[in-house]
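Shown next: input.cif, containing mmCIF, C-alpha atoms.
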data_my_file
loop_
_atom_site.label_atom_id
_atom_site.label_comp_id
_atom_site.auth_asym_id
_atom_site.auth_seq_id
_atom_site.Cartn_x
_atom_site.Cartn_y
_atom_site.Cartn_z
CA MET A 1 -40.97 3.70 20.47
CA SER A 2 -38.34 5.72 22.37
CA GLY A 3 -36.54 8.75 20.92
CA PRO A 4 -33.40 8.73 18.78
CA ARG A 5 -30.26 7.24 20.37
CA SER A 6 -27.06 9.21 20.68
CA THR A 7 -24.06 8.20 18.57
CA ALA A 8 -22.23 7.23 21.79
CA ARG A 9 -25.03 4.87 22.72
CA ILE A 10 -25.25 3.35 19.22
CA PHE A 11 -21.55 2.53 19.23
CA ALA A 12 -21.15 1.51 22.89
CA ILE A 13 -21.50 -2.25 22.38
CA PRO A 14 -19.77 -2.35 18.96
CA LEU A 15 -16.84 -0.44 20.48
CA LEU A 16 -16.67 -2.83 23.44
CA LEU A 17 -16.61 -5.79 21.03
CA ALA A 18 -13.92 -4.15 18.90
CA VAL A 19 -11.73 -3.39 21.93
CA LEU A 20 -12.16 -6.91 23.35
CA SER A 21 -11.37 -8.70 20.09
CA GLY A 22 -8.63 -6.24 19.12
CA PHE A 23 -6.98 -6.68 22.52
CA GLY A 24 -7.23 -10.47 22.19
CA LEU A 25 -5.74 -10.44 18.68
CA VAL A 26 -2.65 -8.55 19.83
CA ALA A 27 -2.29 -10.22 23.24
CA ALA A 28 -2.31 -13.70 21.67
CA LEU A 29 0.59 -12.56 19.50
CA LEU A 30 2.64 -11.13 22.39
CA VAL A 31 1.97 -13.71 25.12
CA ASP A 32 2.12 -17.45 24.43
CA GLY A 33 1.06 -20.26 26.73
CA PRO A 34 -1.97 -21.15 28.83
CA LEU A 35 -3.45 -17.65 28.51
CA ASP A 36 -4.00 -18.35 24.79
CA LEU A 37 -7.47 -19.64 25.66
CA LEU A 38 -8.35 -16.35 27.38
CA TRP A 39 -7.28 -14.30 24.33
CA THR A 40 -9.21 -16.70 22.10
CA LEU A 41 -12.37 -16.07 24.15
CA ALA A 42 -11.83 -12.30 23.80
CA ILE A 43 -11.47 -12.70 20.02
CA ALA A 44 -14.67 -14.77 20.02
CA ALA A 45 -16.71 -12.06 21.83
CA PRO A 46 -18.33 -10.80 18.57
CA LEU A 47 -19.50 -14.36 17.83
CA ALA A 48 -21.16 -14.50 21.24
CA ALA A 49 -22.90 -11.18 20.56
CA ILE A 50 -24.24 -12.38 17.20
CA ALA A 51 -25.43 -15.67 18.73
CA TRP A 52 -27.15 -13.77 21.58
CA ALA A 53 -28.98 -11.42 19.18
CA THR A 54 -30.17 -14.14 16.80
CA ARG A 55 -31.50 -16.37 19.61
CA ARG A 56 -33.37 -13.58 21.36
CA ARG A 57 -37.12 -13.46 20.74
CA MET B 1 -25.09 13.72 9.81
CA THR B 2 -27.01 15.49 7.06
CA ARG B 3 -29.06 13.52 4.60
CA GLY B 4 -26.54 14.48 1.91
CA GLY B 5 -23.73 13.08 4.06
CA VAL B 6 -25.59 9.81 4.56
CA LYS B 7 -26.17 9.61 0.82
CA ARG B 8 -22.47 10.10 0.05
CA TRP B 9 -21.34 7.46 2.55
CA TYR B 10 -24.05 5.08 1.35
CA LEU B 11 -22.73 5.43 -2.21
CA VAL B 12 -19.13 4.81 -1.03
CA HIS B 13 -20.33 1.70 0.81
CA LYS B 14 -22.33 0.47 -2.16
CA TRP B 15 -19.68 0.93 -4.84
CA THR B 16 -16.61 -0.22 -2.91
CA SER B 17 -18.59 -3.30 -1.83
CA LEU B 18 -19.94 -4.05 -5.31
CA VAL B 19 -16.48 -4.02 -6.88
CA CYS B 20 -14.74 -6.17 -4.27
CA THR B 21 -17.45 -8.54 -2.98
CA ALA B 22 -17.05 -11.32 -5.54
CA PHE B 23 -13.28 -11.42 -4.95
CA LEU B 24 -13.71 -11.20 -1.19
CA LEU B 25 -16.08 -14.18 -1.34
CA ILE B 26 -13.39 -16.14 -3.20
CA LEU B 27 -10.84 -15.11 -0.55
CA CYS B 28 -13.12 -16.02 2.38
CA LEU B 29 -14.06 -19.39 0.88
CA SER B 30 -10.51 -20.39 -0.14
CA GLY B 31 -9.09 -19.03 3.11
CA LEU B 32 -11.42 -21.09 5.27
CA PRO B 33 -9.67 -24.46 4.72
CA LEU B 34 -6.27 -22.75 4.64
CA VAL B 35 -6.72 -21.77 8.30
CA PHE B 36 -6.32 -25.48 9.01
CA GLU B 37 -3.42 -26.02 6.59
CA ASP B 38 -1.20 -27.74 9.18
CA GLU B 39 -3.99 -30.05 10.34
CA LEU B 40 -4.93 -30.87 6.72
CA ASP B 41 -1.29 -31.62 5.89
CA THR B 42 -1.19 -34.19 8.68
CA LEU B 43 -4.64 -35.55 7.83
CA LEU B 44 -3.85 -35.98 4.12
CA GLY B 45 -0.53 -37.65 4.95
CA TYR B 46 1.60 -34.84 3.48
CA GLU B 47 3.71 -34.39 6.60
CA THR B 48 7.28 -35.63 6.23
CA PRO B 49 7.63 -38.80 8.35
CA LEU B 50 10.53 -38.95 10.81
CA ALA B 51 12.04 -42.33 11.74
CA ALA B 52 13.43 -43.10 15.21
CA VAL B 53 17.20 -42.67 15.42
CA ALA B 54 19.42 -44.64 17.84
CA PRO B 55 20.47 -42.28 20.66
CA ASP B 56 24.23 -42.71 20.09
CA THR B 57 24.09 -41.97 16.35
CA PRO B 58 26.62 -39.20 15.63
CA ALA B 59 24.91 -36.27 13.91
CA PRO B 60 26.61 -35.38 10.61
CA SER B 61 27.93 -31.88 9.97
CA LEU B 62 26.01 -29.57 7.64
CA ASP B 63 28.92 -29.72 5.20
CA ARG B 64 28.59 -33.53 5.00
CA ILE B 65 24.83 -33.32 4.48
CA ILE B 66 25.42 -30.71 1.72
CA ALA B 67 28.02 -32.94 0.04
CA SER B 68 25.66 -35.92 -0.03
CA VAL B 69 22.77 -33.87 -1.46
CA ARG B 70 25.04 -32.31 -4.09
CA ALA B 71 26.24 -35.78 -5.10
CA SER B 72 22.59 -36.81 -5.60
CA ARG B 73 21.85 -33.79 -7.83
CA PRO B 74 24.55 -33.71 -10.54
CA GLY B 75 24.53 -30.53 -12.65
CA GLU B 76 22.88 -28.50 -9.88
CA VAL B 77 24.23 -26.03 -7.34
CA MET B 78 23.19 -25.40 -3.73
CA THR B 79 20.89 -22.40 -3.27
CA PHE B 80 19.77 -22.50 0.37
CA LEU B 81 19.24 -24.47 3.57
CA SER B 82 16.00 -24.10 5.54
CA PHE B 83 15.68 -25.37 9.10
CA ASP B 84 12.35 -26.71 10.35
CA GLU B 85 11.15 -24.74 13.37
CA LYS B 86 9.79 -27.71 15.29
CA ARG B 87 11.52 -30.88 14.10
CA PRO B 88 15.19 -31.83 13.42
CA ILE B 89 14.84 -31.46 9.66
CA VAL B 90 16.87 -29.31 7.26
CA THR B 91 15.63 -28.83 3.70
CA LEU B 92 18.27 -28.20 1.03
CA GLY B 93 17.44 -26.31 -2.15
CA THR B 94 19.39 -27.13 -5.32
CA ALA B 95 18.85 -25.66 -8.79
CA PRO B 96 20.50 -25.42 -12.23
CA ALA B 97 21.93 -22.01 -11.20
CA ALA B 98 22.13 -19.92 -8.01
CA ASN B 99 19.59 -17.44 -9.39
CA SER B 100 17.19 -19.96 -10.95
CA PRO B 101 13.49 -19.16 -10.39
CA PHE B 102 11.92 -20.88 -7.42
CA GLU B 103 9.87 -23.28 -9.59
CA GLN B 104 13.17 -24.90 -10.69
CA VAL B 105 14.48 -25.40 -7.15
CA HIS B 106 14.61 -29.02 -5.97
CA LEU B 107 13.87 -29.42 -2.26
CA GLN B 108 15.54 -32.27 -0.40
CA PRO B 109 14.61 -32.69 3.28
CA VAL B 110 17.27 -34.39 5.42
CA ASP B 111 17.15 -35.75 8.99
CA LEU B 112 19.66 -33.61 10.93
CA ARG B 113 20.27 -36.40 13.48
CA SER B 114 21.28 -39.10 10.99
CA GLY B 115 21.82 -37.43 7.62
CA ALA B 116 19.13 -39.71 6.15
CA PHE B 117 17.26 -38.37 3.10
CA LEU B 118 13.54 -37.92 3.74
CA PRO B 119 10.87 -38.24 1.02
CA VAL B 120 10.88 -35.29 -1.41
CA ARG B 121 7.64 -33.31 -1.17
CA PRO B 122 6.72 -29.98 -2.69
CA LEU B 123 5.94 -27.18 -0.23
CA ARG B 124 2.21 -27.49 -0.82
CA MET B 125 0.36 -30.31 -2.53
CA GLY B 126 -2.96 -31.16 -4.11
CA ILE B 127 -6.03 -29.27 -2.97
CA ILE B 128 -4.03 -27.13 -0.52
CA ALA B 129 -1.70 -25.89 -3.28
CA PHE B 130 -4.76 -25.13 -5.45
CA LEU B 131 -6.49 -23.15 -2.70
CA TYR B 132 -3.28 -21.38 -1.77
CA ASP B 133 -2.61 -20.20 -5.34
CA LEU B 134 -6.23 -19.11 -5.69
CA HIS B 135 -6.13 -17.20 -2.40
CA GLU B 136 -2.75 -15.60 -2.98
CA SER B 137 -2.96 -14.63 -6.65
CA LEU B 138 -6.07 -15.97 -8.45
CA PHE B 139 -3.50 -18.10 -10.37
CA ALA B 140 -2.19 -14.87 -11.95
CA GLY B 141 1.21 -14.46 -10.27
CA ILE B 142 2.38 -11.12 -8.92
CA TYR B 143 -0.26 -9.21 -10.93
CA GLY B 144 -3.01 -11.30 -9.40
CA THR B 145 -1.56 -10.68 -5.95
CA LEU B 146 -1.39 -6.91 -6.43
CA PHE B 147 -4.91 -6.91 -7.89
CA LEU B 148 -6.15 -8.67 -4.75
CA GLY B 149 -4.31 -6.00 -2.73
CA VAL B 150 -6.40 -3.32 -4.47
CA MET B 151 -9.57 -5.34 -3.81
CA GLY B 152 -8.48 -5.57 -0.17
CA LEU B 153 -8.12 -1.78 0.02
CA LEU B 154 -11.63 -1.37 -1.41
CA PHE B 155 -12.86 -3.88 1.17
CA VAL B 156 -11.31 -1.86 4.01
CA LEU B 157 -13.08 1.23 2.61
CA ALA B 158 -16.34 -0.74 2.41
CA VAL B 159 -16.01 -1.74 6.08
CA ILE B 160 -15.27 1.83 7.21
CA SER B 161 -18.17 3.31 5.20
CA GLY B 162 -20.38 0.51 6.51
CA VAL B 163 -19.57 1.60 10.08
CA VAL B 164 -20.45 5.21 9.16
CA VAL B 165 -23.90 4.35 7.72
CA TYR B 166 -24.55 2.03 10.67
CA ALA B 167 -25.05 5.09 12.90
CA PRO B 168 -28.04 6.73 11.13
CA PHE B 169 -29.63 3.31 10.61
CA MET B 170 -29.52 2.49 14.32
CA ARG B 171 -30.87 5.85 15.64
CA ARG B 172 -34.17 4.20 16.61
CA LEU B 173 -32.98 0.63 17.14
CA ASP B 174 -31.19 -1.19 19.96
CA PHE B 175 -27.97 -3.12 19.32
CA GLY B 176 -28.73 -6.60 18.06
CA THR B 177 -32.25 -5.87 16.84
CA ILE B 178 -33.41 -8.42 14.27
CA ARG B 179 -36.98 -7.76 13.11
CA LYS B 180 -38.53 -11.07 12.19
CA GLY B 181 -42.18 -10.19 11.71
CA ARG B 182 -41.84 -7.65 8.89
CA SER B 183 -40.27 -8.26 5.48
CA LYS B 184 -37.54 -10.76 4.60
CA ARG B 185 -35.45 -7.85 3.36
CA LEU B 186 -35.63 -6.06 6.71
CA ARG B 187 -34.55 -9.20 8.54
CA TRP B 188 -31.51 -9.63 6.28
CA LEU B 189 -30.69 -5.94 6.57
CA ASP B 190 -30.67 -6.31 10.37
CA ILE B 191 -28.49 -9.44 10.16
CA HIS B 192 -26.09 -7.71 7.73
CA ASN B 193 -25.74 -4.76 10.10
CA LEU B 194 -25.40 -6.83 13.26
CA ALA B 195 -22.81 -9.29 11.92
CA GLY B 196 -20.90 -6.52 10.12
CA ILE B 197 -20.63 -4.19 13.09
CA ALA B 198 -19.84 -7.04 15.52
CA ILE B 199 -16.84 -8.36 13.57
CA THR B 200 -15.60 -4.95 12.33
CA ALA B 201 -12.30 -5.10 14.26
CA TRP B 202 -11.51 -8.56 12.94
CA LEU B 203 -12.47 -7.59 9.36
CA LEU B 204 -10.17 -4.56 9.50
CA VAL B 205 -7.26 -6.52 11.02
CA VAL B 206 -7.48 -9.38 8.51
CA GLY B 207 -8.16 -6.94 5.65
CA VAL B 208 -5.28 -4.58 6.37
CA THR B 209 -2.77 -7.40 7.07
CA GLY B 210 -3.94 -9.13 3.90
CA VAL B 211 -3.28 -5.99 1.85
CA PHE B 212 0.11 -5.71 3.56
CA ASN B 213 0.93 -9.32 2.60
CA THR B 214 0.27 -8.61 -1.08
CA LEU B 215 3.29 -6.26 -0.97
CA ASP B 216 5.54 -9.16 0.02
CA GLN B 217 7.45 -9.39 -3.28
CA PRO B 218 7.90 -5.65 -3.95
CA LEU B 219 9.13 -5.22 -0.36
CA ALA B 220 11.60 -8.10 -0.76
CA MET B 221 13.03 -6.47 -3.89
CA GLN B 222 13.22 -3.12 -2.16
CA TRP B 223 15.04 -4.71 0.82
CA ARG B 224 17.54 -6.31 -1.53
CA THR B 225 18.48 -3.02 -3.21
CA GLY B 226 18.30 -1.15 0.12
CA GLN B 227 19.52 -2.71 3.35
CA LEU B 228 21.23 -5.72 1.77
CA ALA B 229 23.16 -3.46 -0.62
CA GLU B 230 24.25 -1.29 2.33
CA MET B 231 25.39 -4.33 4.29
CA MET B 232 27.58 -5.60 1.45
CA ALA B 233 29.01 -2.15 0.65
CA PRO B 234 32.60 -3.11 1.63
CA TYR B 235 32.49 -5.83 -1.07
CA ARG B 236 31.25 -3.62 -3.88
CA ASN B 237 34.54 -3.80 -5.79
CA ALA B 238 35.78 -7.09 -4.37
CA PRO B 239 37.18 -9.71 -6.76
CA PRO B 240 34.86 -12.68 -7.44
CA LEU B 241 34.56 -15.35 -4.74
CA ARG B 242 37.45 -17.85 -5.08
CA ARG B 243 35.88 -20.84 -3.36
CA LEU B 244 32.85 -21.80 -1.31
CA GLY B 245 33.92 -22.23 2.30
CA SER B 246 32.31 -24.26 5.07
CA VAL B 247 28.61 -23.68 5.85
CA ASP B 248 29.22 -25.04 9.38
CA ALA B 249 31.83 -22.30 9.91
CA ALA B 250 29.48 -19.62 8.52
CA VAL B 251 26.65 -20.79 10.77
CA ALA B 252 29.02 -20.79 13.78
CA THR B 253 29.98 -17.18 12.99
CA ALA B 254 26.31 -16.16 12.76
CA ARG B 255 25.53 -17.90 16.08
CA ARG B 256 28.36 -16.03 17.78
CA ALA B 257 26.99 -12.74 16.41
CA SER B 258 23.46 -13.50 17.72
CA PRO B 259 23.88 -15.98 20.61
CA ASP B 260 20.24 -15.76 21.73
CA MET B 261 18.83 -16.67 18.30
CA ASP B 262 18.41 -19.81 16.18
CA VAL B 263 19.31 -20.42 12.55
CA LEU B 264 16.31 -20.39 10.20
CA LEU B 265 17.79 -20.06 6.70
CA VAL B 266 21.15 -19.99 4.95
CA TYR B 267 21.24 -18.44 1.47
CA TYR B 268 24.15 -19.21 -0.84
CA PRO B 269 26.25 -16.59 -2.64
CA GLY B 270 24.60 -15.36 -5.84
CA THR B 271 21.02 -16.11 -4.73
CA PHE B 272 18.26 -13.48 -4.51
CA PHE B 273 18.50 -13.08 -0.74
CA SER B 274 22.31 -12.98 -0.57
CA THR B 275 25.27 -11.30 -2.29
CA PRO B 276 27.86 -12.74 -4.71
CA HIS B 277 30.34 -12.98 -1.81
CA HIS B 278 28.40 -14.15 1.23
CA TYR B 279 26.39 -16.78 2.94
CA ASN B 280 23.40 -14.88 4.30
CA VAL B 281 22.39 -16.60 7.55
CA PHE B 282 18.90 -15.56 8.69
CA MET B 283 18.47 -15.92 12.45
CA ARG B 284 15.18 -15.98 14.36
CA GLY B 285 14.52 -15.14 18.03
CA ARG B 286 13.03 -17.32 20.73
CA THR B 287 10.22 -15.20 22.20
CA PRO B 288 6.69 -15.16 20.71
CA VAL B 289 7.42 -11.86 18.98
CA THR B 290 11.10 -12.25 18.01
CA SER B 291 10.49 -15.75 16.62
CA ARG B 292 8.38 -14.01 13.94
CA LEU B 293 11.27 -11.71 12.98
CA ILE B 294 14.38 -12.70 11.08
CA LYS B 295 17.82 -11.14 11.21
CA PRO B 296 20.14 -11.32 8.18
CA THR B 297 23.81 -12.08 8.90
CA LEU B 298 26.30 -11.68 6.07
CA VAL B 299 29.26 -14.05 6.47
CA ASP B 300 32.16 -14.06 3.96
CA ALA B 301 31.62 -17.34 2.09
CA ASP B 302 35.39 -17.93 1.74
CA THR B 303 36.84 -16.91 5.12
CA ALA B 304 33.73 -17.29 7.37
CA GLN B 305 34.42 -13.80 8.76
CA LEU B 306 31.40 -11.75 9.85
CA THR B 307 30.68 -8.84 7.48
CA ASP B 308 27.51 -7.38 9.02
CA THR B 309 24.30 -8.29 10.84
CA ARG B 310 21.33 -5.96 11.27
CA ASP B 311 17.71 -5.97 12.34
CA MET B 312 15.49 -5.63 9.30
CA PRO B 313 13.86 -2.23 8.65
CA LEU B 314 10.74 -1.38 10.66
CA HIS B 315 8.28 -1.86 7.79
CA ILE B 316 9.66 -5.33 7.02
CA ARG B 317 9.39 -6.30 10.68
CA ALA B 318 5.81 -5.00 10.65
CA LEU B 319 5.14 -7.22 7.62
CA PHE B 320 6.47 -10.31 9.44
CA LEU B 321 4.45 -9.50 12.56
CA SER B 322 1.30 -8.90 10.50
CA ARG B 323 1.35 -12.37 8.93
CA PRO B 324 -0.03 -14.34 11.90
CA LEU B 325 -2.75 -11.69 12.30
CA HIS B 326 -3.91 -12.60 8.80
CA PHE B 327 -3.57 -16.39 9.06
CA GLY B 328 -4.84 -16.83 12.65
CA ASP B 329 -2.31 -19.60 13.22
CA TYR B 330 -0.78 -18.29 16.43
CA GLY B 331 -3.06 -19.35 19.27
CA GLY B 332 -3.59 -23.09 18.86
CA LEU B 333 -6.54 -25.02 17.45
CA ALA B 334 -9.14 -23.09 19.52
CA LEU B 335 -8.13 -19.82 17.86
CA LYS B 336 -8.23 -21.46 14.42
CA ILE B 337 -11.81 -22.59 15.05
CA VAL B 338 -12.77 -19.06 16.17
CA TRP B 339 -10.99 -17.72 13.04
CA ALA B 340 -13.04 -20.06 10.85
CA LEU B 341 -16.30 -18.97 12.54
CA LEU B 342 -15.40 -15.30 12.07
CA ASP B 343 -14.66 -16.08 8.42
CA LEU B 344 -18.13 -17.66 8.11
CA MET B 345 -19.61 -14.47 9.59
CA ALA B 346 -17.70 -12.46 6.97
CA ILE B 347 -19.24 -14.69 4.27
CA LEU B 348 -22.66 -14.00 5.84
CA VAL B 349 -22.04 -10.22 5.67
CA LEU B 350 -20.87 -10.43 2.03
CA GLY B 351 -23.69 -12.74 0.98
CA SER B 352 -26.41 -10.69 2.69
CA GLY B 353 -24.90 -7.55 1.16
CA ILE B 354 -25.35 -9.00 -2.34
CA TYR B 355 -28.90 -10.08 -1.49
CA LEU B 356 -29.76 -6.59 -0.23
CA TRP B 357 -28.31 -4.96 -3.35
CA LEU B 358 -30.13 -7.36 -5.71
CA GLY B 359 -33.42 -6.57 -3.99
CA ARG B 360 -32.94 -2.83 -4.38
CA ARG B 361 -31.44 -2.46 -7.82
CA GLY B 362 -34.56 -0.85 -9.28
CA ALA B 363 -35.34 1.46 -6.38
CA ALA B 364 -34.57 5.18 -6.45
CA LEU B 365 -31.49 6.31 -4.51
CA ASP B 366 -33.56 8.57 -2.28
CA ARG B 367 -35.69 5.68 -1.14
CA ARG B 368 -32.63 3.63 -0.22
CA VAL B 369 -31.23 6.56 1.76
CA GLU B 370 -34.68 6.91 3.41
CA GLU B 371 -34.40 3.30 4.58
CA LEU B 372 -31.01 4.11 6.12
CA VAL B 373 -32.01 7.24 8.03
CA THR B 374 -35.23 5.75 9.37
CA GLY B 375 -33.65 2.40 10.18
CA GLY B 376 -36.45 0.82 8.17
CA THR B 377 -38.89 1.72 10.96
CA VAL B 378 -41.20 3.65 8.67
CA PRO B 379 -43.29 1.30 6.52
CA GLU B 380 -42.83 2.10 2.86
CA PRO B 381 -45.46 2.02 0.13
CA ALA B 382 -45.92 -1.32 -1.55
CA GLU B 383 -43.56 -1.90 -4.47
#

With the file now loaded, output its structure as structure tokens.
Amino acid sequence: MSGPRSTARIFAIPLLLAVLSGFGLVAALLVDGPLDLLWTLAIAAPLAAIAWATRRR
Amino acid sequence: MTRGGVKRWYLVHKWTSLVCTAFLLILCLSGLPLVFEDELDTLLGYETPLAAVAPDTPAPSLDRIIASVRASRPGEVMTFLSFDEKRPIVTLGTAPAANSPFEQVHLQPVDLRSGAFLPVRPLRMGIIAFLYDLHESLFAGIYGTLFLGVMGLLFVLAVISGVVVYAPFMRRLDFGTIRKGRSKRLRWLDIHNLAGIAITAWLLVVGVTGVFNTLDQPLAMQWRTGQLAEMMAPYRNAPPLRRLGSVDAAVATARRASPDMDVLLVYYPGTFFSTPHHYNVFMRGRTPVTSRLIKPTLVDADTAQLTDTRDMPLHIRALFLSRPLHFGDYGGLALKIVWALLDLMAILVLGSGIYLWLGRRGAALDRRVEELVTGGTVPEPAE
């Protein structure tokens, strides 16, 4: 097993997910219209991450 | 972080979670169907039907609509008019007195194009009303709402402390690790950590806006004694209102004051959201953001002269803007489905949290902290 991970490395993906979904949550409020689907996908990013991790062997 | 630090944060996470989890489960479960309230309304046939109207039918004035509703409700007075945001429907509230509690208000929807009365329906019906009351107040009124606000604050603390103890746990693990071969407990611990950290931003947004929403009533009262009182200052010593003037004229005055906005609500003199002397016409904007905000416009109920119109204070505007962020009803059906899935993930985090606590109730605190700082990678002696 490799050595301990740095705090930056531990939070890299969680932070990316938080920024993506947080951005989507606010953008969907500010901009209406066809881009709604794009913001929705950004908000759904954490779901994709959970699905990826649970399906991995 | 020192072992003592981990221990302290672990205890914060444990106790804030333990106190609020049962209530949060109720909120997540009752909130799930409420995400689809509009769709359920249509599905259950609760939506007010709207008949076709011949194109050359002259639309009646608001004053005529008001007169016909008043004639149908003898012994009651008008309290407000509420305009549907999407369809040509105005709902008129009448009650025994201008300041009657909302439960006594009779709601009569009217077709704006023809003046025809539409079927009377309460705001929320059946199972939706039940879930809404449960979610908003645990059936306990304002005290229930404020109690849920405190539970929401504890939940926000639980999420933050959960993020803090995530770091020591993951020192030797990659993101998304779920260990399947070892114990059942370890697998659920991994799932709890993964789902929790992945949806942290959403949990915080829905949690904080939910807490904010529980302050709805206190903030309304504070607005009434604050900004509304300032706006009506010139009328503080005015003689009582002589007669109720035209609502059409008052609405026209409000439209002139805010030409790029639409009328949402008109409150009658003597009601909670108005003064003894005015129609208070609440206008809403037309952009995605301004349509969430409302602007009070005080119009002299006798002369239809404009008294004052102001943007609401910053914290009230923040409250209005925070509502969609709690309900998830602002990006179409796709967003609602994502909202529901995120809610299910929240239920998974809460449920696995209870399971993990139940499995460890007997264990010494030091051993639980050991599990955190080693990420469960060191096999422990058999129980």

Chain B residues near chain A (10 Å cut-off, only C-alpha atoms) as a PDB file with C-alpha atoms, in the coordinates of the input:
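And here's iface_26.pdb as it stands now:
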ATOM      1  CA  VAL B 163     -19.570   1.600  10.080  1.00  0.00           C
ATOM      2  CA  TYR B 166     -24.550   2.030  10.670  1.00  0.00           C
ATOM      3  CA  ALA B 167     -25.050   5.090  12.900  1.00  0.00           C
ATOM      4  CA  PRO B 168     -28.040   6.730  11.130  1.00  0.00           C
ATOM      5  CA  PHE B 169     -29.630   3.310  10.610  1.00  0.00           C
ATOM      6  CA  MET B 170     -29.520   2.490  14.320  1.00  0.00           C
ATOM      7  CA  ARG B 171     -30.870   5.850  15.640  1.00  0.00           C
ATOM      8  CA  ARG B 172     -34.170   4.200  16.610  1.00  0.00           C
ATOM      9  CA  LEU B 173     -32.980   0.630  17.140  1.00  0.00           C
ATOM     10  CA  ASP B 174     -31.190  -1.190  19.960  1.00  0.00           C
ATOM     11  CA  PHE B 175     -27.970  -3.120  19.320  1.00  0.00           C
ATOM     12  CA  GLY B 176     -28.730  -6.600  18.060  1.00  0.00           C
ATOM     13  CA  THR B 177     -32.250  -5.870  16.840  1.00  0.00           C
ATOM     14  CA  ILE B 178     -33.410  -8.420  14.270  1.00  0.00           C
ATOM     15  CA  ARG B 179     -36.980  -7.760  13.110  1.00  0.00           C
ATOM     16  CA  LYS B 180     -38.530 -11.070  12.190  1.00  0.00           C
ATOM     17  CA  ILE B 191     -28.490  -9.440  10.160  1.00  0.00           C
ATOM     18  CA  LEU B 194     -25.400  -6.830  13.260  1.00  0.00           C
ATOM     19  CA  ALA B 195     -22.810  -9.290  11.920  1.00  0.00           C
ATOM     20  CA  GLY B 196     -20.900  -6.520  10.120  1.00  0.00           C
ATOM     21  CA  ILE B 197     -20.630  -4.190  13.090  1.00  0.00           C
ATOM     22  CA  ALA B 198     -19.840  -7.040  15.520  1.00  0.00           C
ATOM     23  CA  ILE B 199     -16.840  -8.360  13.570  1.00  0.00           C
ATOM     24  CA  THR B 200     -15.600  -4.950  12.330  1.00  0.00           C
ATOM     25  CA  ALA B 201     -12.300  -5.100  14.260  1.00  0.00           C
ATOM     26  CA  TRP B 202     -11.510  -8.560  12.940  1.00  0.00           C
ATOM     27  CA  LEU B 204     -10.170  -4.560   9.500  1.00  0.00           C
ATOM     28  CA  VAL B 205      -7.260  -6.520  11.020  1.00  0.00           C
ATOM     29  CA  THR B 287      10.220 -15.200  22.200  1.00  0.00           C
ATOM     30  CA  PRO B 288       6.690 -15.160  20.710  1.00  0.00           C
ATOM     31  CA  VAL B 289       7.420 -11.860  18.980  1.00  0.00           C
ATOM     32  CA  THR B 290      11.100 -12.250  18.010  1.00  0.00           C
ATOM     33  CA  ARG B 292       8.380 -14.010  13.940  1.00  0.00           C
ATOM     34  CA  LEU B 321       4.450  -9.500  12.560  1.00  0.00           C
ATOM     35  CA  SER B 322       1.300  -8.900  10.500  1.00  0.00           C
ATOM     36  CA  PRO B 324      -0.030 -14.340  11.900  1.00  0.00           C
ATOM     37  CA  LEU B 325      -2.750 -11.690  12.300  1.00  0.00           C
ATOM     38  CA  GLY B 328      -4.840 -16.830  12.650  1.00  0.00           C
ATOM     39  CA  ASP B 329      -2.310 -19.600  13.220  1.00  0.00           C
ATOM     40  CA  TYR B 330      -0.780 -18.290  16.430  1.00  0.00           C
ATOM     41  CA  GLY B 331      -3.060 -19.350  19.270  1.00  0.00           C
ATOM     42  CA  GLY B 332      -3.590 -23.090  18.860  1.00  0.00           C
ATOM     43  CA  LEU B 333      -6.540 -25.020  17.450  1.00  0.00           C
ATOM     44  CA  ALA B 334      -9.140 -23.090  19.520  1.00  0.00           C
ATOM     45  CA  LEU B 335      -8.130 -19.820  17.860  1.00  0.00           C
ATOM     46  CA  LYS B 336      -8.230 -21.460  14.420  1.00  0.00           C
ATOM     47  CA  ILE B 337     -11.810 -22.590  15.050  1.00  0.00           C
ATOM     48  CA  VAL B 338     -12.770 -19.060  16.170  1.00  0.00           C
ATOM     49  CA  TRP B 339     -10.990 -17.720  13.040  1.00  0.00           C
ATOM     50  CA  LEU B 341     -16.300 -18.970  12.540  1.00  0.00           C
ATOM     51  CA  LEU B 342     -15.400 -15.300  12.070  1.00  0.00           C
ATOM     52  CA  MET B 345     -19.610 -14.470   9.590  1.00  0.00           C
ATOM     53  CA  THR B 377     -38.890   1.720  10.960  1.00  0.00           C
TER      54      THR B 377
END

Residues returned when the PyMOL selection byres ((chain B and resi 353) around 9) runs on this file, as a tab-separated table (two decimals) with C-alpha atoms, in the coordinates of the input:
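So the final result, stored in result-v3.tsv, reads:
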chain	number	residue	atom	x	y	z
B	17	SER	CA	-18.59	-3.30	-1.83
B	18	LEU	CA	-19.94	-4.05	-5.31
B	21	THR	CA	-17.45	-8.54	-2.98
B	188	TRP	CA	-31.51	-9.63	6.28
B	189	LEU	CA	-30.69	-5.94	6.57
B	192	HIS	CA	-26.09	-7.71	7.73
B	348	LEU	CA	-22.66	-14.00	5.84
B	349	VAL	CA	-22.04	-10.22	5.67
B	350	LEU	CA	-20.87	-10.43	2.03
B	351	GLY	CA	-23.69	-12.74	0.98
B	352	SER	CA	-26.41	-10.69	2.69
B	354	ILE	CA	-25.35	-9.00	-2.34
B	355	TYR	CA	-28.90	-10.08	-1.49
B	356	LEU	CA	-29.76	-6.59	-0.23
B	357	TRP	CA	-28.31	-4.96	-3.35
B	358	LEU	CA	-30.13	-7.36	-5.71

Item to check | Two-atom distance - atom CA of Leu92 of chain B, atom CA of Ser291 of chain B (Å) | outcome: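 For atom CA of Leu92 of chain B relative to atom CA of Ser291 of chain B, the distance reads 21.4 Å.
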